[in-house]
$ cat coords-v2.txt   # compact mmCIF, N, CA and C atoms
# COMPACT_ATOMS: atom_id res chain seq x y z
N MET A 1 13.47 5.19 -17.61
CA MET A 1 12.44 5.05 -16.59
C MET A 1 12.51 6.26 -15.66
N TYR A 2 11.38 6.82 -15.34
CA TYR A 2 11.28 7.93 -14.40
C TYR A 2 10.78 7.35 -13.08
N SER A 3 11.41 7.73 -11.95
CA SER A 3 11.06 7.13 -10.67
C SER A 3 11.26 8.15 -9.56
N THR A 4 10.42 8.05 -8.55
CA THR A 4 10.59 8.89 -7.36
C THR A 4 10.01 8.16 -6.16
N GLU A 5 10.44 8.58 -4.98
CA GLU A 5 9.97 7.99 -3.73
C GLU A 5 9.32 9.06 -2.89
N ILE A 6 8.17 8.73 -2.30
CA ILE A 6 7.49 9.65 -1.40
C ILE A 6 7.44 9.02 -0.01
N GLU A 7 7.15 9.86 0.97
CA GLU A 7 6.99 9.41 2.34
C GLU A 7 5.53 9.57 2.72
N VAL A 8 4.99 8.56 3.37
CA VAL A 8 3.59 8.58 3.80
C VAL A 8 3.54 8.34 5.29
N ARG A 9 2.89 9.22 6.01
CA ARG A 9 2.71 9.05 7.45
C ARG A 9 1.40 8.29 7.68
N THR A 10 1.52 7.08 8.21
CA THR A 10 0.35 6.24 8.42
C THR A 10 -0.13 6.25 9.86
N GLY A 11 0.68 6.73 10.78
CA GLY A 11 0.27 6.83 12.18
C GLY A 11 0.42 5.53 12.93
N SER A 12 -0.33 5.40 14.02
CA SER A 12 -0.17 4.26 14.93
C SER A 12 -1.37 3.33 14.90
N GLU A 13 -2.20 3.43 13.86
CA GLU A 13 -3.34 2.52 13.69
C GLU A 13 -3.24 1.86 12.32
N ALA A 14 -3.84 0.70 12.17
CA ALA A 14 -3.92 0.06 10.86
C ALA A 14 -4.68 0.99 9.92
N VAL A 15 -4.21 1.07 8.67
CA VAL A 15 -4.78 2.05 7.76
C VAL A 15 -4.74 1.56 6.32
N VAL A 16 -5.75 1.98 5.57
CA VAL A 16 -5.75 1.88 4.11
C VAL A 16 -5.64 3.33 3.64
N HIS A 17 -4.50 3.68 3.08
CA HIS A 17 -4.21 5.07 2.69
C HIS A 17 -4.27 5.17 1.17
N ASP A 18 -5.16 6.00 0.66
CA ASP A 18 -5.33 6.17 -0.78
C ASP A 18 -4.15 6.95 -1.36
N LEU A 19 -3.46 6.35 -2.31
CA LEU A 19 -2.29 6.95 -2.96
C LEU A 19 -2.61 7.47 -4.36
N THR A 20 -3.86 7.41 -4.78
CA THR A 20 -4.20 7.72 -6.16
C THR A 20 -3.83 9.14 -6.54
N HIS A 21 -4.09 10.11 -5.68
CA HIS A 21 -3.74 11.51 -6.01
C HIS A 21 -2.23 11.69 -6.13
N GLU A 22 -1.47 11.03 -5.25
CA GLU A 22 -0.02 11.10 -5.34
C GLU A 22 0.48 10.46 -6.63
N ALA A 23 -0.16 9.35 -7.04
CA ALA A 23 0.22 8.70 -8.30
C ALA A 23 -0.09 9.60 -9.50
N GLU A 24 -1.24 10.26 -9.47
CA GLU A 24 -1.60 11.18 -10.56
C GLU A 24 -0.63 12.36 -10.63
N ALA A 25 -0.23 12.88 -9.47
CA ALA A 25 0.75 13.98 -9.45
C ALA A 25 2.09 13.51 -10.01
N PHE A 26 2.49 12.30 -9.67
CA PHE A 26 3.72 11.73 -10.20
C PHE A 26 3.66 11.67 -11.73
N LEU A 27 2.54 11.22 -12.27
CA LEU A 27 2.40 11.11 -13.73
C LEU A 27 2.47 12.49 -14.38
N ARG A 28 1.88 13.50 -13.74
CA ARG A 28 1.98 14.87 -14.28
C ARG A 28 3.43 15.34 -14.28
N ASP A 29 4.12 15.11 -13.16
CA ASP A 29 5.53 15.50 -13.06
C ASP A 29 6.40 14.78 -14.09
N ALA A 30 6.02 13.54 -14.41
CA ALA A 30 6.78 12.73 -15.37
C ALA A 30 6.43 13.07 -16.81
N ASP A 31 5.43 13.94 -16.98
CA ASP A 31 4.93 14.25 -18.33
C ASP A 31 4.59 12.95 -19.07
N ALA A 32 3.85 12.08 -18.38
CA ALA A 32 3.55 10.74 -18.87
C ALA A 32 2.64 10.76 -20.09
N ALA A 33 2.83 9.78 -20.94
CA ALA A 33 1.94 9.53 -22.08
C ALA A 33 1.34 8.14 -21.85
N ASP A 34 1.84 7.12 -22.57
CA ASP A 34 1.40 5.74 -22.38
C ASP A 34 2.51 4.95 -21.69
N GLY A 35 2.12 3.96 -20.91
CA GLY A 35 3.10 3.12 -20.26
C GLY A 35 2.48 2.38 -19.10
N LEU A 36 3.33 2.06 -18.13
CA LEU A 36 2.90 1.36 -16.92
C LEU A 36 3.41 2.12 -15.70
N LEU A 37 2.53 2.32 -14.75
CA LEU A 37 2.94 2.86 -13.45
C LEU A 37 3.16 1.66 -12.53
N HIS A 38 4.36 1.55 -12.01
CA HIS A 38 4.66 0.52 -11.03
C HIS A 38 4.81 1.20 -9.68
N VAL A 39 4.11 0.68 -8.69
CA VAL A 39 4.15 1.22 -7.33
C VAL A 39 4.76 0.14 -6.44
N TRP A 40 5.72 0.54 -5.62
CA TRP A 40 6.48 -0.40 -4.80
C TRP A 40 6.58 0.14 -3.38
N VAL A 41 6.37 -0.72 -2.39
CA VAL A 41 6.52 -0.38 -0.98
C VAL A 41 7.68 -1.20 -0.43
N PRO A 42 8.83 -0.57 -0.14
CA PRO A 42 10.00 -1.32 0.32
C PRO A 42 9.97 -1.62 1.82
N HIS A 43 8.91 -2.30 2.24
CA HIS A 43 8.74 -2.64 3.65
C HIS A 43 8.29 -4.08 3.79
N ALA A 44 8.68 -4.73 4.87
CA ALA A 44 8.32 -6.13 5.11
C ALA A 44 6.97 -6.27 5.79
N THR A 45 6.31 -5.15 6.08
CA THR A 45 5.05 -5.21 6.83
C THR A 45 3.98 -4.30 6.25
N ALA A 46 4.00 -4.08 4.94
CA ALA A 46 2.97 -3.26 4.30
C ALA A 46 2.74 -3.79 2.89
N GLY A 47 1.61 -3.42 2.32
CA GLY A 47 1.30 -3.87 0.98
C GLY A 47 0.50 -2.83 0.21
N LEU A 48 0.17 -3.17 -1.02
CA LEU A 48 -0.60 -2.29 -1.88
C LEU A 48 -1.82 -3.04 -2.39
N ALA A 49 -2.93 -2.33 -2.48
CA ALA A 49 -4.17 -2.94 -2.98
C ALA A 49 -4.87 -1.95 -3.91
N ILE A 50 -5.55 -2.49 -4.90
CA ILE A 50 -6.40 -1.69 -5.77
C ILE A 50 -7.82 -1.99 -5.30
N LEU A 51 -8.50 -0.99 -4.74
CA LEU A 51 -9.84 -1.21 -4.24
C LEU A 51 -10.60 0.10 -4.12
N GLU A 52 -11.89 -0.02 -3.91
CA GLU A 52 -12.74 1.15 -3.68
C GLU A 52 -12.50 1.65 -2.26
N THR A 53 -12.47 2.96 -2.10
CA THR A 53 -12.32 3.55 -0.77
C THR A 53 -13.51 4.46 -0.48
N GLY A 54 -13.73 4.73 0.79
CA GLY A 54 -14.74 5.68 1.20
C GLY A 54 -16.14 5.14 1.30
N ALA A 55 -16.39 3.92 0.81
CA ALA A 55 -17.73 3.34 0.89
C ALA A 55 -17.76 2.13 1.82
N GLY A 56 -16.68 1.95 2.59
CA GLY A 56 -16.62 0.87 3.55
C GLY A 56 -15.68 -0.26 3.19
N SER A 57 -15.26 -0.34 1.93
CA SER A 57 -14.37 -1.44 1.52
C SER A 57 -13.03 -1.38 2.22
N ASP A 58 -12.53 -0.17 2.47
CA ASP A 58 -11.25 -0.04 3.16
C ASP A 58 -11.36 -0.58 4.58
N GLU A 59 -12.43 -0.23 5.29
CA GLU A 59 -12.62 -0.75 6.64
C GLU A 59 -12.88 -2.25 6.61
N ASP A 60 -13.62 -2.72 5.59
CA ASP A 60 -13.88 -4.16 5.45
C ASP A 60 -12.58 -4.92 5.26
N LEU A 61 -11.66 -4.37 4.47
CA LEU A 61 -10.37 -5.03 4.26
C LEU A 61 -9.61 -5.15 5.57
N LEU A 62 -9.54 -4.07 6.34
CA LEU A 62 -8.83 -4.12 7.62
C LEU A 62 -9.47 -5.12 8.57
N LYS A 63 -10.80 -5.18 8.59
CA LYS A 63 -11.50 -6.14 9.45
C LYS A 63 -11.21 -7.57 9.00
N ALA A 64 -11.23 -7.81 7.68
CA ALA A 64 -10.94 -9.15 7.16
C ALA A 64 -9.51 -9.56 7.51
N LEU A 65 -8.57 -8.62 7.41
CA LEU A 65 -7.18 -8.93 7.78
C LEU A 65 -7.07 -9.24 9.26
N ASP A 66 -7.81 -8.51 10.11
CA ASP A 66 -7.79 -8.80 11.55
C ASP A 66 -8.35 -10.19 11.83
N GLU A 67 -9.38 -10.61 11.09
CA GLU A 67 -9.95 -11.93 11.29
C GLU A 67 -9.04 -13.03 10.76
N LEU A 68 -8.42 -12.78 9.61
CA LEU A 68 -7.55 -13.77 8.99
C LEU A 68 -6.19 -13.85 9.70
N LEU A 69 -5.68 -12.69 10.12
CA LEU A 69 -4.37 -12.59 10.77
C LEU A 69 -4.55 -11.90 12.12
N PRO A 70 -5.05 -12.61 13.12
CA PRO A 70 -5.31 -11.96 14.41
C PRO A 70 -4.04 -11.40 15.05
N ARG A 71 -4.21 -10.30 15.73
CA ARG A 71 -3.09 -9.67 16.44
C ARG A 71 -3.05 -10.30 17.85
N ASP A 72 -2.45 -11.50 17.89
CA ASP A 72 -2.37 -12.21 19.16
C ASP A 72 -1.00 -12.88 19.29
N GLY A 73 -0.85 -13.80 20.22
CA GLY A 73 0.44 -14.39 20.52
C GLY A 73 0.81 -15.63 19.72
N ARG A 74 0.07 -15.97 18.67
CA ARG A 74 0.34 -17.22 17.93
C ARG A 74 1.55 -17.14 17.01
N TRP A 75 2.06 -15.95 16.74
CA TRP A 75 3.09 -15.77 15.72
C TRP A 75 4.49 -16.02 16.27
N ARG A 76 5.33 -16.70 15.50
CA ARG A 76 6.71 -16.98 15.90
C ARG A 76 7.56 -15.72 15.88
N HIS A 77 7.27 -14.83 14.96
CA HIS A 77 7.98 -13.55 14.88
C HIS A 77 7.44 -12.67 16.01
N ARG A 78 8.25 -12.37 17.01
CA ARG A 78 7.70 -11.78 18.24
C ARG A 78 8.23 -10.42 18.66
N HIS A 79 9.08 -9.78 17.88
CA HIS A 79 9.53 -8.45 18.35
C HIS A 79 8.42 -7.43 18.09
N GLY A 80 8.54 -6.27 18.69
CA GLY A 80 7.56 -5.21 18.46
C GLY A 80 6.32 -5.36 19.32
N SER A 81 5.26 -4.69 18.90
CA SER A 81 4.01 -4.70 19.66
C SER A 81 3.39 -6.10 19.62
N PRO A 82 2.49 -6.41 20.57
CA PRO A 82 1.86 -7.73 20.61
C PRO A 82 1.19 -8.06 19.27
N GLY A 83 1.45 -9.27 18.77
CA GLY A 83 0.85 -9.71 17.51
C GLY A 83 1.52 -9.19 16.26
N HIS A 84 2.67 -8.51 16.42
CA HIS A 84 3.35 -7.90 15.29
C HIS A 84 3.77 -8.92 14.22
N GLY A 85 3.92 -10.17 14.60
CA GLY A 85 4.28 -11.20 13.63
C GLY A 85 3.31 -11.28 12.48
N ARG A 86 2.05 -10.99 12.73
CA ARG A 86 1.04 -11.02 11.67
C ARG A 86 1.34 -9.97 10.61
N ASP A 87 1.94 -8.84 11.01
CA ASP A 87 2.27 -7.79 10.05
C ASP A 87 3.28 -8.27 9.02
N HIS A 88 4.14 -9.21 9.42
CA HIS A 88 5.15 -9.76 8.52
C HIS A 88 4.56 -10.79 7.55
N VAL A 89 3.37 -11.30 7.84
CA VAL A 89 2.68 -12.22 6.95
C VAL A 89 1.83 -11.44 5.93
N LEU A 90 1.44 -10.24 6.28
CA LEU A 90 0.57 -9.42 5.43
C LEU A 90 1.02 -9.34 3.97
N PRO A 91 2.31 -9.07 3.65
CA PRO A 91 2.70 -8.92 2.25
C PRO A 91 2.52 -10.17 1.39
N ALA A 92 2.35 -11.33 2.03
CA ALA A 92 2.06 -12.54 1.26
C ALA A 92 0.63 -12.52 0.74
N LEU A 93 -0.24 -11.75 1.39
CA LEU A 93 -1.64 -11.65 0.99
C LEU A 93 -1.97 -10.34 0.29
N VAL A 94 -1.32 -9.28 0.73
CA VAL A 94 -1.47 -7.94 0.13
C VAL A 94 -0.06 -7.57 -0.33
N PRO A 95 0.27 -7.84 -1.59
CA PRO A 95 1.67 -7.71 -2.04
C PRO A 95 2.19 -6.28 -1.97
N PRO A 96 3.52 -6.13 -1.88
CA PRO A 96 4.12 -4.80 -1.77
C PRO A 96 4.30 -4.10 -3.11
N TYR A 97 3.55 -4.49 -4.12
CA TYR A 97 3.67 -3.89 -5.45
C TYR A 97 2.32 -3.88 -6.16
N ALA A 98 2.20 -2.96 -7.10
CA ALA A 98 1.02 -2.91 -7.99
C ALA A 98 1.47 -2.25 -9.28
N THR A 99 0.89 -2.68 -10.39
CA THR A 99 1.19 -2.09 -11.69
C THR A 99 -0.13 -1.72 -12.35
N VAL A 100 -0.22 -0.48 -12.84
CA VAL A 100 -1.44 0.05 -13.44
C VAL A 100 -1.10 0.62 -14.82
N PRO A 101 -1.88 0.29 -15.86
CA PRO A 101 -1.65 0.90 -17.17
C PRO A 101 -1.88 2.41 -17.12
N VAL A 102 -1.11 3.11 -17.93
CA VAL A 102 -1.25 4.57 -18.09
C VAL A 102 -1.53 4.82 -19.57
N LEU A 103 -2.63 5.48 -19.85
CA LEU A 103 -3.01 5.77 -21.23
C LEU A 103 -3.23 7.27 -21.39
N GLY A 104 -2.45 7.87 -22.26
CA GLY A 104 -2.56 9.31 -22.45
C GLY A 104 -2.26 10.10 -21.18
N GLY A 105 -1.37 9.57 -20.34
CA GLY A 105 -0.99 10.24 -19.10
C GLY A 105 -1.96 10.04 -17.96
N VAL A 106 -2.99 9.19 -18.16
CA VAL A 106 -4.04 8.98 -17.15
C VAL A 106 -4.02 7.52 -16.70
N LEU A 107 -4.17 7.32 -15.39
CA LEU A 107 -4.27 5.96 -14.86
C LEU A 107 -5.50 5.27 -15.44
N ALA A 108 -5.35 4.06 -15.92
CA ALA A 108 -6.47 3.31 -16.50
C ALA A 108 -7.16 2.49 -15.40
N LEU A 109 -7.56 3.18 -14.34
CA LEU A 109 -8.29 2.55 -13.25
C LEU A 109 -9.77 2.53 -13.57
N GLY A 110 -10.48 1.57 -12.99
CA GLY A 110 -11.93 1.54 -13.11
C GLY A 110 -12.55 2.66 -12.30
N THR A 111 -13.82 2.89 -12.50
CA THR A 111 -14.53 4.00 -11.87
C THR A 111 -14.32 4.07 -10.36
N TRP A 112 -14.38 2.95 -9.69
CA TRP A 112 -14.32 2.96 -8.22
C TRP A 112 -12.98 2.48 -7.69
N GLN A 113 -11.98 2.32 -8.54
CA GLN A 113 -10.69 1.79 -8.10
C GLN A 113 -9.74 2.90 -7.65
N SER A 114 -9.01 2.61 -6.59
CA SER A 114 -7.96 3.49 -6.07
C SER A 114 -6.73 2.64 -5.77
N ILE A 115 -5.57 3.28 -5.82
CA ILE A 115 -4.32 2.62 -5.43
C ILE A 115 -4.11 2.93 -3.96
N CYS A 116 -4.02 1.88 -3.14
CA CYS A 116 -3.98 2.09 -1.69
C CYS A 116 -2.80 1.38 -1.02
N LEU A 117 -2.19 2.08 -0.10
CA LEU A 117 -1.20 1.51 0.80
C LEU A 117 -1.96 0.86 1.96
N VAL A 118 -1.65 -0.39 2.25
CA VAL A 118 -2.27 -1.11 3.37
C VAL A 118 -1.18 -1.32 4.41
N ASP A 119 -1.36 -0.69 5.56
CA ASP A 119 -0.35 -0.75 6.62
C ASP A 119 -1.02 -1.13 7.92
N THR A 120 -0.70 -2.32 8.43
CA THR A 120 -1.25 -2.77 9.71
C THR A 120 -0.21 -2.73 10.83
N ASN A 121 1.00 -2.28 10.51
CA ASN A 121 2.10 -2.26 11.47
C ASN A 121 1.96 -1.05 12.39
N LEU A 122 1.65 -1.30 13.65
CA LEU A 122 1.46 -0.23 14.63
C LEU A 122 2.78 0.40 15.07
N ASP A 123 3.90 -0.26 14.75
CA ASP A 123 5.21 0.18 15.23
C ASP A 123 5.95 1.09 14.25
N ASN A 124 5.45 1.24 13.04
CA ASN A 124 6.16 2.02 12.03
C ASN A 124 5.21 3.06 11.43
N PRO A 125 5.21 4.29 11.93
CA PRO A 125 4.24 5.30 11.49
C PRO A 125 4.60 6.01 10.18
N VAL A 126 5.77 5.73 9.61
CA VAL A 126 6.19 6.40 8.38
C VAL A 126 6.59 5.35 7.36
N ARG A 127 6.05 5.48 6.15
CA ARG A 127 6.32 4.52 5.08
C ARG A 127 6.88 5.23 3.86
N LYS A 128 7.63 4.49 3.07
CA LYS A 128 8.10 5.00 1.79
C LYS A 128 7.36 4.27 0.68
N VAL A 129 7.04 5.00 -0.37
CA VAL A 129 6.37 4.42 -1.53
C VAL A 129 7.13 4.91 -2.76
N ARG A 130 7.50 3.98 -3.64
CA ARG A 130 8.20 4.34 -4.88
C ARG A 130 7.25 4.22 -6.06
N PHE A 131 7.18 5.30 -6.85
CA PHE A 131 6.46 5.31 -8.12
C PHE A 131 7.48 5.24 -9.24
N SER A 132 7.27 4.36 -10.21
CA SER A 132 8.15 4.27 -11.37
C SER A 132 7.28 4.20 -12.62
N LEU A 133 7.64 5.00 -13.61
CA LEU A 133 6.92 5.01 -14.88
C LEU A 133 7.76 4.30 -15.92
N LEU A 134 7.20 3.24 -16.46
CA LEU A 134 7.81 2.52 -17.56
C LEU A 134 7.11 2.98 -18.83
N ALA A 135 7.75 3.87 -19.57
CA ALA A 135 7.11 4.48 -20.74
C ALA A 135 6.89 3.44 -21.83
N GLY A 136 5.75 3.61 -22.55
CA GLY A 136 5.39 2.67 -23.63
C GLY A 136 5.96 3.09 -24.96

$ encode --input "coords-v2.txt" --output "structure tokens"
Amino acid sequence: MYSTEIEVRTGSEAVVHDLTHEAEAFLRDADAADGLLHVWVPHATAGLAILETGAGSDEDLLKALDELLPRDGRWRHRHGSPGHGRDHVLPALVPPYATVPVLGGVLALGTWQSICLVDTNLDNPVRKVRFSLLAG
């Protein structure tokens, strides 16, 4: 298995960060053929999603998460910025992993699909993402 970890700066706002170019670069570096790309975020307050970006879906996701998991005082987990407890619930809905088929060294994503880091944690501006290639 070939694996590497990258660092992503997400800043101090909730963000959907497209990782597709980084994943493609990883596959080139791995001299990938066929297999599975596994993407892992080793954080308790971030997740990964496969979705369209740039046409509003990324903003829609963040808005839906704000409505579903309000940043207010209802959460039992209370350290950090106000409402931070909701960030710890996020990975139950947006899991910290994704697996994508790789065919001929190319991600088998649909036309409008991207691999995205979803980070709503205002207290942690730097994230790690691990790419692992399971060769076929």

$ atom_distance --input "coords-v2.txt" --atom1 "atom CA of His21 of chain A" --atom2 "atom CA of Asp66 of chain A"
27.2 Å

$ residues_around --input "coords-v2.txt" --residues "Val16 of chain A" --least-positions-apart "5" --cutoff "6 Å" --atoms "only N, CA and C atoms" --output "ChimeraX atom specification"
/A:58,116-119

$ residues_around --input "coords-v2.txt" --residues "segment 89-106 of chain A" --least-positions-apart "2" --cutoff "6 Å" --atoms "all atoms listed in the file" --output "PyMOL selection string"
chain A and resi 32-41+44-48+85-87+108

$ closest_residue --input "coords-v2.txt" --among "A:Ile50, A:Ala135, A:Leu62, A:Leu27" --to "Thr120 of chain A" --atoms "only N, CA and C atoms"
A:Leu62

$ closest_residue --input "coords-v2.txt" --among "A:Ala49, A:Arg74, A:Ala30, A:His17" --to "Ser3 of chain A" --atoms "all atoms listed in the file"
A:Ala30

$ select_by_dssp --input "coords-v2.txt" --residues "chain A" --states "strand (DSSP E or B)" --output "PyMOL selection string"
chain A and resi 2-9+15-18+35-40+46-51+97-103+106-107+114-119+126-135

$ select_by_dssp --input "coords-v2.txt" --residues "segment 7-129 of chain A" --states "helix (DSSP H, G or I)" --output "ChimeraX atom specification"
/A:20-29,57-68,85-93

$ build_atoms --input "coords-v2.txt" --residues "segment 33-55 of chain A" --atoms "N, CA, C and O atoms" --output "CSV table (one decimal), keeping the file's coordinate frame"
chain,number,residue,atom,x,y,z
A,33,ALA,N,2.8,9.8,-20.9
A,33,ALA,CA,1.9,9.5,-22.1
A,33,ALA,C,1.3,8.1,-21.8
A,33,ALA,O,0.5,8.0,-21.0
A,34,ASP,N,1.8,7.1,-22.6
A,34,ASP,CA,1.4,5.7,-22.4
A,34,ASP,C,2.5,5.0,-21.7
A,34,ASP,O,3.7,5.2,-21.9
A,35,GLY,N,2.1,4.0,-20.9
A,35,GLY,CA,3.1,3.1,-20.3
A,35,GLY,C,2.5,2.4,-19.1
A,35,GLY,O,1.3,2.1,-19.1
A,36,LEU,N,3.3,2.1,-18.1
A,36,LEU,CA,2.9,1.4,-16.9
A,36,LEU,C,3.4,2.1,-15.7
A,36,LEU,O,4.6,2.5,-15.6
A,37,LEU,N,2.5,2.3,-14.8
A,37,LEU,CA,2.9,2.9,-13.4
A,37,LEU,C,3.2,1.7,-12.5
A,37,LEU,O,2.2,0.9,-12.3
A,38,HIS,N,4.4,1.6,-12.0
A,38,HIS,CA,4.7,0.5,-11.0
A,38,HIS,C,4.8,1.2,-9.7
A,38,HIS,O,5.5,2.2,-9.5
A,39,VAL,N,4.1,0.7,-8.7
A,39,VAL,CA,4.2,1.2,-7.3
A,39,VAL,C,4.8,0.1,-6.4
A,39,VAL,O,4.4,-1.0,-6.5
A,40,TRP,N,5.7,0.5,-5.6
A,40,TRP,CA,6.5,-0.4,-4.8
A,40,TRP,C,6.6,0.1,-3.4
A,40,TRP,O,6.8,1.3,-3.2
A,41,VAL,N,6.4,-0.7,-2.4
A,41,VAL,CA,6.5,-0.4,-1.0
A,41,VAL,C,7.7,-1.2,-0.4
A,41,VAL,O,7.6,-2.4,-0.3
A,42,PRO,N,8.8,-0.6,-0.1
A,42,PRO,CA,10.0,-1.3,0.3
A,42,PRO,C,10.0,-1.6,1.8
A,42,PRO,O,10.9,-1.2,2.6
A,43,HIS,N,8.9,-2.3,2.2
A,43,HIS,CA,8.7,-2.6,3.6
A,43,HIS,C,8.3,-4.1,3.8
A,43,HIS,O,7.6,-4.6,2.9
A,44,ALA,N,8.7,-4.7,4.9
A,44,ALA,CA,8.3,-6.1,5.1
A,44,ALA,C,7.0,-6.3,5.8
A,44,ALA,O,6.5,-7.4,6.0
A,45,THR,N,6.3,-5.2,6.1
A,45,THR,CA,5.0,-5.2,6.8
A,45,THR,C,4.0,-4.3,6.2
A,45,THR,O,3.1,-3.8,7.0
A,46,ALA,N,4.0,-4.1,4.9
A,46,ALA,CA,3.0,-3.3,4.3
A,46,ALA,C,2.7,-3.8,2.9
A,46,ALA,O,3.6,-4.5,2.3
A,47,GLY,N,1.6,-3.4,2.3
A,47,GLY,CA,1.3,-3.9,1.0
A,47,GLY,C,0.5,-2.8,0.2
A,47,GLY,O,0.2,-1.7,0.7
A,48,LEU,N,0.2,-3.2,-1.0
A,48,LEU,CA,-0.6,-2.3,-1.9
A,48,LEU,C,-1.8,-3.0,-2.4
A,48,LEU,O,-1.7,-4.2,-2.7
A,49,ALA,N,-2.9,-2.3,-2.5
A,49,ALA,CA,-4.2,-2.9,-3.0
A,49,ALA,C,-4.9,-2.0,-3.9
A,49,ALA,O,-4.8,-0.7,-3.7
A,50,ILE,N,-5.6,-2.5,-4.9
A,50,ILE,CA,-6.4,-1.7,-5.8
A,50,ILE,C,-7.8,-2.0,-5.3
A,50,ILE,O,-8.3,-3.1,-5.4
A,51,LEU,N,-8.5,-1.0,-4.7
A,51,LEU,CA,-9.8,-1.2,-4.2
A,51,LEU,C,-10.6,0.1,-4.1
A,51,LEU,O,-10.0,1.2,-4.2
A,52,GLU,N,-11.9,0.0,-3.9
A,52,GLU,CA,-12.7,1.2,-3.7
A,52,GLU,C,-12.5,1.6,-2.3
A,52,GLU,O,-12.3,0.9,-1.3
A,53,THR,N,-12.5,3.0,-2.1
A,53,THR,CA,-12.3,3.6,-0.8
A,53,THR,C,-13.5,4.5,-0.5
A,53,THR,O,-14.2,4.9,-1.4
A,54,GLY,N,-13.7,4.7,0.8
A,54,GLY,CA,-14.7,5.7,1.2
A,54,GLY,C,-16.1,5.1,1.3
A,54,GLY,O,-17.0,5.8,1.8
A,55,ALA,N,-16.4,3.9,0.8
A,55,ALA,CA,-17.7,3.3,0.9
A,55,ALA,C,-17.8,2.1,1.8
A,55,ALA,O,-18.7,1.4,1.8
